[in-house]
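Novice: One structure coming up, written as structure tokens, with questions to follow.
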Amino acid sequence: MTPIIRVRNLHKHFPHPIRRKEKLEVIRGVDLDVELGQVVVIIGRSGAGKSTFLRCLNFLEEPDEGTVEIDGVEIPAGERIREHDRLITEIRMKTGMVFQSFNLFPHMTALENIIEGPITVKKWSRERAIAKAEELLRWVGLLEKRDEYPIRLSGGQQQRIAIARSLAMEPKIMLFDEPTSALDPELIGEVVEVMERLAGEGMTMVAVTHEMHFARDVADRVIFMDGGVFVEDAPPSVMFTNPQHERTRQFLVHIL
Amino acid sequence: MNREYMIKLALVWVGIFIVLVLMFWLLKFDLAFMAHWASFLFEGIGYTLLVSALSIFFAVILALIGALARLSNNPLANGISTFYVSFIRGTPLLVQVYLIYLGLPQVGQSLEALGAPGWLADLFVLPAIPSGVLALSVNYGAYMTETFRAGIQSIHSGQREAALSLGMTSAQCMRRIILPQALRIVIPPVGNDFIAMLKDSSLVSLMGVMELSWRATKIGRRYFRSLETLAVAALFYWIMTIILQMFQARIEERLGKGRKR
């Protein structure tokens with residue numbers, strides 16, 4: 001079976017923050033294949049390039065080199081063909097993304113946040129979008145918050161709405177960029193629980209997270225990233241008990 | 001603020017009014033004269049409001065286009081926008097008013113001399129009210145371009161990322177996500193601009209539009225009672241701005257939804 005995510009030789013650099021003429025290499029040649037239904041967790045210290053890598057998958061960051069292929073849509077880096085923007089939109093419609101800071105639209109209620117994508121992007125009728133949104137609100141356990149504005153919701157509730165908002169686009173892949181890092185400890189559980197259920201329903205997921213319980217219990221593969229490369233890629237049972245690389249071992253000692 | 005302080009504050013205002021009335025009395029203000037001409041002056045408010053409302057409307061459109069151009073990656077759009085803002089903010093409104101009212105007809109004349117058809121030249125001779133509206137909207141549009149740009153830029157980048165990740169195009173994201181939020185932010189400064197414009201609209205009196213200050217100066221000069229007529233005009237302007245401020249507060253309240261806990 002061809003993988004649903006296929007990344008080859010991905011490179012990404014930013015202008016160096018201080019030394020203007022130099023480049024800051026953030027991703028230095030990464031390959032990744034993810035099969036349909038797999039849950040992949042990327043771990044590593046901050047600055048390792050995890051979030052940048054994830055954002056390259058839906059082109060919130062444009063890779064400088066390499067190719068990204070999502071569900072048969074292939075985009076080579078640096079291409080400036082006219083098709084480019086259309087292909088990026090196609091990839092974004094196949095992938096949902098959940099952000100560390102939720103990024104709910106503050107001027108819209110929970111329901112309006114969720115129906116916005118289907119109505120604006122997929123041109124669904126309002127009735128159809130609302131039916132879908134209510135189903136998702138029930139699924140994340142927040143149907144009673146349907147008409148609340150985000151500011152009146154807790155962080156955990158906001159993140160669950162954000163997940164529902166992504167799911168409303170019926171994506172094939174969900175990307176999670178440190179979804180629990182901005183949450184108070186007592187609110188992490190409810191978000192992780194939703195992510196676990198999502199994985200249980202067979203969603204293909206790539207998550208950057210510090211939730212080691214989630215990695216251990218739910219992930220099919222755990223990838224340790226350091227210095228812009230994938231150092232180790234193993235099932236959680238191996239990664240957490242018998243890591244092969246010294247760098248992985250050092251990192252795990254600190255967090256476990 | 002506590003009650004006692006509010007009472008003191010109110011007393012100061014009352015005191016100021018008493019001093020003013022006393023002054024009017026000492027200066028032998030002709031109250032009957034004021035009352036007689038008040039209704040004539042009042043009719044000028046229509047023009048004042050017309051010119052201001054039309055100008056703020058076009059200024060907002062210009063500012064929106066200007067801000068989007070300023071934020072675009074297109075060098076042509078960006079260049080035109082920065083030139084526009086720089087030139088307009090760098091020259092006095094009075095000069096701009098005259099440039100349009102007196103300068104444009106000359107441009108038309110020169111074009112005609114160069115062989116342009118007469119109807120084209122006529123287009124450059126604007127009547128007083130359109131001239132005034134053009135000058136005010138171009139002028140305020142430049143200042144408000146900067147306001148709108150700041151408003152758009154103040155929206156957190158995460159909003160754009162969330163919208164794009166859903167598959168929205170940049171235009172959809174701007175229209176559905178960024179602008180509604182930016183609009184709420186720029187309402188107070190735009191309201192301020194509207195109040196300022198209400199008063200700057202008196203400049204169109206220079207072109208002979210029979211608005212409030214034109215009437216005040218005309219009548220005042222004719223009867224050597226300028227102090228009286230100008231005082232009435234000032235009072236009318238003042239009342240209008242107070243009413244506008246109340247409207248502004250209500251709009252801000254309505255747009256504030258989703259911001260209050």
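FYI, nothing fancy with the structure tokens labels: chains A, B, ... in order, residues from 1 per chain, ligands from 1 as they appear.
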With chain B as the partner and 10 Å as the cut-off, tabulate the residues of chain A that qualify, each row holding the nearest pair of atoms and their distance in Å to one decimal, using only C-alpha atoms, sorted by chain and rising number, as a Markdown table.
Specialist:
```
| residue | atom | partner | partner_atom | distance |
| --- | --- | --- | --- | --- |
| A:Arg55 | CA | B:Ser165 | CA | 9.5 |
| A:Asn58 | CA | B:Ser165 | CA | 7.0 |
| A:Phe59 | CA | B:Ser165 | CA | 8.6 |
| A:Leu60 | CA | B:Glu161 | CA | 6.8 |
| A:Asp85 | CA | B:Thr169 | CA | 8.8 |
| A:Arg86 | CA | B:Thr169 | CA | 9.3 |
| A:Ile88 | CA | B:Gly167 | CA | 8.3 |
| A:Thr89 | CA | B:Gly167 | CA | 5.1 |
| A:Glu90 | CA | B:Gly167 | CA | 7.3 |
| A:Ile91 | CA | B:Gly167 | CA | 8.1 |
| A:Arg92 | CA | B:Gly167 | CA | 5.0 |
| A:Met93 | CA | B:Gly167 | CA | 5.1 |
| A:Lys94 | CA | B:Gly167 | CA | 8.7 |
| A:Thr95 | CA | B:Ser165 | CA | 7.6 |
| A:Gly96 | CA | B:Ser165 | CA | 6.6 |
| A:Met97 | CA | B:Ser165 | CA | 6.3 |
| A:Val98 | CA | B:Ala162 | CA | 8.2 |
| A:Phe99 | CA | B:Ala162 | CA | 7.9 |
| A:Gln100 | CA | B:Gly158 | CA | 9.7 |
| A:Ser101 | CA | B:Gly158 | CA | 7.8 |
| A:Phe102 | CA | B:Gly158 | CA | 8.4 |
| A:Asn103 | CA | B:Gly158 | CA | 5.6 |
| A:Leu104 | CA | B:Gln159 | CA | 7.3 |
| A:Phe105 | CA | B:Gln159 | CA | 6.7 |
| A:Pro106 | CA | B:Gly258 | CA | 6.0 |
| A:His107 | CA | B:Gly258 | CA | 5.4 |
| A:Met108 | CA | B:Gly258 | CA | 7.0 |
| A:Thr109 | CA | B:Gly258 | CA | 7.6 |
| A:Glu116 | CA | B:Arg176 | CA | 8.6 |
| A:Gly117 | CA | B:Leu166 | CA | 5.9 |
| A:Pro118 | CA | B:Leu166 | CA | 8.7 |
| A:Thr120 | CA | B:Met168 | CA | 7.4 |
| A:Val121 | CA | B:Met168 | CA | 5.9 |
| A:Lys122 | CA | B:Gly167 | CA | 8.9 |
| A:Glu148 | CA | B:Gly258 | CA | 8.2 |
| A:Tyr149 | CA | B:Gly258 | CA | 5.1 |
| A:Pro150 | CA | B:Gly258 | CA | 7.0 |
| A:Ile151 | CA | B:Arg261 | CA | 6.2 |
| A:Arg152 | CA | B:Arg261 | CA | 5.4 |
| A:Leu153 | CA | B:Arg261 | CA | 9.0 |
| A:Ala162 | CA | B:Ala162 | CA | 9.2 |
| A:Arg165 | CA | B:Leu166 | CA | 8.5 |
| A:Ser166 | CA | B:Leu166 | CA | 6.8 |
| A:Leu167 | CA | B:Leu166 | CA | 9.6 |
| A:Ala168 | CA | B:Leu166 | CA | 9.3 |
| A:Met169 | CA | B:Leu166 | CA | 7.1 |
| A:Pro171 | CA | B:Leu166 | CA | 9.4 |
```
Novice: Excluding region 19-34 of chain A and any residue of its chain fewer than 6 positions from it, enumerate the residues within 6 Å of it, using only C-alpha atoms, and give them as a list in words.
Specialist: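 Non-adjacent residues within range: Pro3, Ile4, Ile5, Arg6, Val7, Arg8, Asn9, Leu10, His11, Lys12, His13, Gly49, Gly228 and Val229 of chain A.
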Novice: For the residues selected in the previous step, produce a file with N, CA and C atoms as a PDB file, in the first residue's frame.
Specialist:
```pdb
ATOM      1  N   PRO A   3       2.008   4.828   1.035  1.00  0.00           N
ATOM      2  CA  PRO A   3       1.764   5.624   2.253  1.00  0.00           C
ATOM      3  C   PRO A   3       0.929   6.863   1.940  1.00  0.00           C
ATOM      4  N   ILE A   4       0.153   7.304   2.941  1.00  0.00           N
ATOM      5  CA  ILE A   4      -0.706   8.478   2.730  1.00  0.00           C
ATOM      6  C   ILE A   4       0.108   9.769   2.876  1.00  0.00           C
ATOM      7  N   ILE A   5       1.170   9.692   3.688  1.00  0.00           N
ATOM      8  CA  ILE A   5       2.118  10.820   3.757  1.00  0.00           C
ATOM      9  C   ILE A   5       3.480  10.320   3.277  1.00  0.00           C
ATOM     10  N   ARG A   6       4.065  11.029   2.349  1.00  0.00           N
ATOM     11  CA  ARG A   6       5.387  10.649   1.863  1.00  0.00           C
ATOM     12  C   ARG A   6       6.231  11.909   1.781  1.00  0.00           C
ATOM     13  N   VAL A   7       7.266  11.972   2.594  1.00  0.00           N
ATOM     14  CA  VAL A   7       8.154  13.137   2.593  1.00  0.00           C
ATOM     15  C   VAL A   7       9.537  12.660   2.193  1.00  0.00           C
ATOM     16  N   ARG A   8      10.152  13.390   1.268  1.00  0.00           N
ATOM     17  CA  ARG A   8      11.493  13.013   0.823  1.00  0.00           C
ATOM     18  C   ARG A   8      12.455  14.191   0.923  1.00  0.00           C
ATOM     19  N   ASN A   9      13.557  13.961   1.634  1.00  0.00           N
ATOM     20  CA  ASN A   9      14.672  14.902   1.684  1.00  0.00           C
ATOM     21  C   ASN A   9      14.239  16.340   1.983  1.00  0.00           C
ATOM     22  N   LEU A  10      13.423  16.497   3.014  1.00  0.00           N
ATOM     23  CA  LEU A  10      12.882  17.821   3.313  1.00  0.00           C
ATOM     24  C   LEU A  10      13.933  18.707   3.999  1.00  0.00           C
ATOM     25  N   HIS A  11      14.066  19.910   3.466  1.00  0.00           N
ATOM     26  CA  HIS A  11      14.959  20.908   4.066  1.00  0.00           C
ATOM     27  C   HIS A  11      14.187  22.180   4.295  1.00  0.00           C
ATOM     28  N   LYS A  12      14.490  22.855   5.405  1.00  0.00           N
ATOM     29  CA  LYS A  12      13.883  24.164   5.651  1.00  0.00           C
ATOM     30  C   LYS A  12      14.881  25.008   6.436  1.00  0.00           C
ATOM     31  N   HIS A  13      15.102  26.213   5.956  1.00  0.00           N
ATOM     32  CA  HIS A  13      15.949  27.125   6.738  1.00  0.00           C
ATOM     33  C   HIS A  13      15.257  28.468   6.879  1.00  0.00           C
ATOM     34  N   GLY A  49      13.052  21.320  15.631  1.00  0.00           N
ATOM     35  CA  GLY A  49      12.464  21.393  14.291  1.00  0.00           C
ATOM     36  C   GLY A  49      11.149  20.646  14.159  1.00  0.00           C
ATOM     37  N   GLY A 228      17.205  18.984  13.655  1.00  0.00           N
ATOM     38  CA  GLY A 228      16.656  19.039  12.307  1.00  0.00           C
ATOM     39  C   GLY A 228      16.631  17.725  11.568  1.00  0.00           C
ATOM     40  N   VAL A 229      16.949  16.633  12.240  1.00  0.00           N
ATOM     41  CA  VAL A 229      16.852  15.319  11.592  1.00  0.00           C
ATOM     42  C   VAL A 229      16.106  14.338  12.494  1.00  0.00           C
TER      43      VAL A 229
END
```
Novice: Please provide the set of residues having any atom within 9 Å of region 215-228 of chain B, restricted to only C-alpha atoms, with same-chain residues fewer than 5 positions apart removed, written as a ChimeraX atom specification.
Specialist: /B:29-31,33-34,37,40-41,44,205,210,233
Novice: Could you pull the residues within 7 Å of region 185-199 of chain B, counting only C-alpha atoms, minus those fewer than 5 positions along the same chain, as a PyMOL selection string?
Specialist: chain B and resi 48+52+56+147-148+151+241+248+252
Novice: Could those residues be written to a file, using C-alpha atoms, as a short mmCIF file (atom, residue, chain, number, x, y, z; two decimals), in the first residue's frame?
Specialist:
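Listing of again02.cif after writing:
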```cif
data_model
loop_
_atom_site.label_atom_id
_atom_site.label_comp_id
_atom_site.auth_asym_id
_atom_site.auth_seq_id
_atom_site.Cartn_x
_atom_site.Cartn_y
_atom_site.Cartn_z
CA THR B 48 -22.36 69.51 7.01
CA SER B 52 -19.11 64.43 6.29
CA ILE B 56 -16.24 59.21 5.68
CA THR B 147 -5.24 52.97 10.92
CA PHE B 148 -6.58 50.06 8.90
CA GLY B 151 -5.72 47.10 12.68
CA THR B 241 -20.14 65.41 18.09
CA GLN B 248 -19.90 55.29 18.53
CA GLU B 252 -18.44 49.50 19.97
#
```
Novice: Please list as a list in words every residue within 12 Å of Val194 (chain A), counting only C-alpha atoms and excluding residues in the same chain fewer than 6 positions away.
Specialist: Leu136, Leu137, Arg138, Trp139, Val140, Gly141, Leu142, Gly156, Gln157, Gln159, Arg160, Ile161, Ala162, Ile163, Ala164, Leu167, Pro179, Thr180, Leu187, Ile188, Gly200, Glu201, Met203, Phe214 and Val218 of chain A
Novice: If you keep N, CA and C atoms, can you produce a file of those selected residues as an mmCIF file, in the first residue's frame?
Specialist:
```cif
data_model
loop_
_atom_site.group_PDB
_atom_site.id
_atom_site.type_symbol
_atom_site.label_atom_id
_atom_site.label_comp_id
_atom_site.auth_asym_id
_atom_site.auth_seq_id
_atom_site.Cartn_x
_atom_site.Cartn_y
_atom_site.Cartn_z
ATOM 1 N N LEU A 136 -20.335 16.827 15.574
ATOM 2 C CA LEU A 136 -18.970 16.912 16.103
ATOM 3 C C LEU A 136 -18.944 17.489 17.514
ATOM 4 N N LEU A 137 -19.799 18.488 17.772
ATOM 5 C CA LEU A 137 -19.867 19.068 19.116
ATOM 6 C C LEU A 137 -20.259 18.004 20.125
ATOM 7 N N ARG A 138 -21.213 17.147 19.731
ATOM 8 C CA ARG A 138 -21.622 16.053 20.610
ATOM 9 C C ARG A 138 -20.443 15.111 20.826
ATOM 10 N N TRP A 139 -19.714 14.875 19.742
ATOM 11 C CA TRP A 139 -18.600 13.922 19.800
ATOM 12 C C TRP A 139 -17.489 14.407 20.745
ATOM 13 N N VAL A 140 -17.229 15.721 20.756
ATOM 14 C CA VAL A 140 -16.221 16.231 21.688
ATOM 15 C C VAL A 140 -16.838 16.616 23.031
ATOM 16 N N GLY A 141 -18.164 16.350 23.188
ATOM 17 C CA GLY A 141 -18.824 16.562 24.474
ATOM 18 C C GLY A 141 -19.107 18.013 24.808
ATOM 19 N N LEU A 142 -19.308 18.852 23.793
ATOM 20 C CA LEU A 142 -19.513 20.274 24.066
ATOM 21 C C LEU A 142 -20.748 20.842 23.367
ATOM 22 N N GLY A 156 -9.170 23.862 27.652
ATOM 23 C CA GLY A 156 -9.459 22.505 27.197
ATOM 24 C C GLY A 156 -10.669 22.464 26.275
ATOM 25 N N GLN A 157 -11.683 23.246 26.641
ATOM 26 C CA GLN A 157 -12.884 23.303 25.792
ATOM 27 C C GLN A 157 -12.550 23.947 24.446
ATOM 28 N N GLN A 159 -9.728 23.920 22.905
ATOM 29 C CA GLN A 159 -8.963 23.007 22.063
ATOM 30 C C GLN A 159 -9.851 21.912 21.491
ATOM 31 N N ARG A 160 -10.851 21.459 22.265
ATOM 32 C CA ARG A 160 -11.764 20.440 21.732
ATOM 33 C C ARG A 160 -12.605 21.014 20.593
ATOM 34 N N ILE A 161 -13.002 22.284 20.744
ATOM 35 C CA ILE A 161 -13.729 22.942 19.638
ATOM 36 C C ILE A 161 -12.809 23.055 18.414
ATOM 37 N N ALA A 162 -11.537 23.379 18.669
ATOM 38 C CA ALA A 162 -10.592 23.519 17.554
ATOM 39 C C ALA A 162 -10.434 22.191 16.815
ATOM 40 N N ILE A 163 -10.421 21.100 17.582
ATOM 41 C CA ILE A 163 -10.331 19.780 16.953
ATOM 42 C C ILE A 163 -11.586 19.529 16.116
ATOM 43 N N ALA A 164 -12.742 19.869 16.688
ATOM 44 C CA ALA A 164 -13.995 19.693 15.944
ATOM 45 C C ALA A 164 -13.991 20.541 14.678
ATOM 46 N N LEU A 167 -12.014 18.750 12.139
ATOM 47 C CA LEU A 167 -12.683 17.528 11.679
ATOM 48 C C LEU A 167 -13.865 17.828 10.764
ATOM 49 N N PRO A 179 -0.640 20.173 21.108
ATOM 50 C CA PRO A 179 -2.022 20.569 21.407
ATOM 51 C C PRO A 179 -2.310 20.779 22.889
ATOM 52 N N THR A 180 -1.463 20.266 23.767
ATOM 53 C CA THR A 180 -1.770 20.403 25.200
ATOM 54 C C THR A 180 -0.777 21.309 25.927
ATOM 55 N N LEU A 187 -6.494 20.281 32.664
ATOM 56 C CA LEU A 187 -7.316 20.329 31.454
ATOM 57 C C LEU A 187 -6.736 19.467 30.328
ATOM 58 N N ILE A 188 -5.515 18.958 30.561
ATOM 59 C CA ILE A 188 -4.851 18.200 29.501
ATOM 60 C C ILE A 188 -5.615 16.918 29.189
ATOM 61 N N GLY A 200 -8.544 5.965 17.908
ATOM 62 C CA GLY A 200 -9.307 4.722 17.965
ATOM 63 C C GLY A 200 -10.222 4.543 16.768
ATOM 64 N N GLU A 201 -10.668 5.663 16.200
ATOM 65 C CA GLU A 201 -11.556 5.585 15.039
ATOM 66 C C GLU A 201 -10.782 5.465 13.729
ATOM 67 N N MET A 203 -8.164 7.429 12.575
ATOM 68 C CA MET A 203 -7.626 8.623 11.932
ATOM 69 C C MET A 203 -6.103 8.528 11.828
ATOM 70 N N PHE A 214 0.356 9.612 26.033
ATOM 71 C CA PHE A 214 -0.298 9.479 24.733
ATOM 72 C C PHE A 214 0.628 8.729 23.776
ATOM 73 N N VAL A 218 -0.918 5.249 22.652
ATOM 74 C CA VAL A 218 -1.698 5.389 21.429
ATOM 75 C C VAL A 218 -0.850 5.297 20.158
#
```
Novice: Suppose you want the space between CA of His245 (chain A) and CA of Arg221 (chain A); what is it in Å?
Specialist: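 Distance between the two atoms: 15.9 Å.
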Novice: I want to know what sits within 7 Å of region 130-135 of chain B, based on only C-alpha atoms, with residues of the same chain fewer than 2 positions away left out; could you give that as a VMD selection string?
Specialist: chain B and resid 51 54 to 55 96 to 97 100 to 101 126 to 128 137 to 139 204
Novice: Tell me, in Å to one decimal, how far CA of Lys132 (chain A) is from CA of Asn113 (chain A).
Specialist: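 Computed distance, CA of Lys132 (chain A) to CA of Asn113 (chain A), equals 12.3 Å.
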Novice: For region 234-240 of chain A, please output as JSON, numbers by chain all residues within 7 Å (counting only C-alpha atoms; exclusion window: fewer than 4 positions along the same chain).
Specialist: {"A": [215, 216, 219, 220, 221, 222, 223]}
Novice: Determine which residues of region 2-219 of chain A DSSP labels as strand (DSSP E or B) from the backbone of this structure, then write them out as a PyMOL selection string.
Specialist: chain A and resi 5-15+23-34+39-43+65-70+73-76+95-98+173-177+204-208
Novice: What gap, in Å, lies between CA of Val60 (chain B) and CA of Gly141 (chain B)?
Specialist: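 Going from CA of Val60 (chain B) over to CA of Gly141 (chain B), I get 6.2 Å.
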Novice: Among region 113-236 of chain B, which ones does DSSP assign to helix (DSSP H, G or I) (computed from the backbone)? Answer as a PyMOL selection string.
Specialist: chain B and resi 113+118-123+128-153+157-165+170-207+212-223+226-236
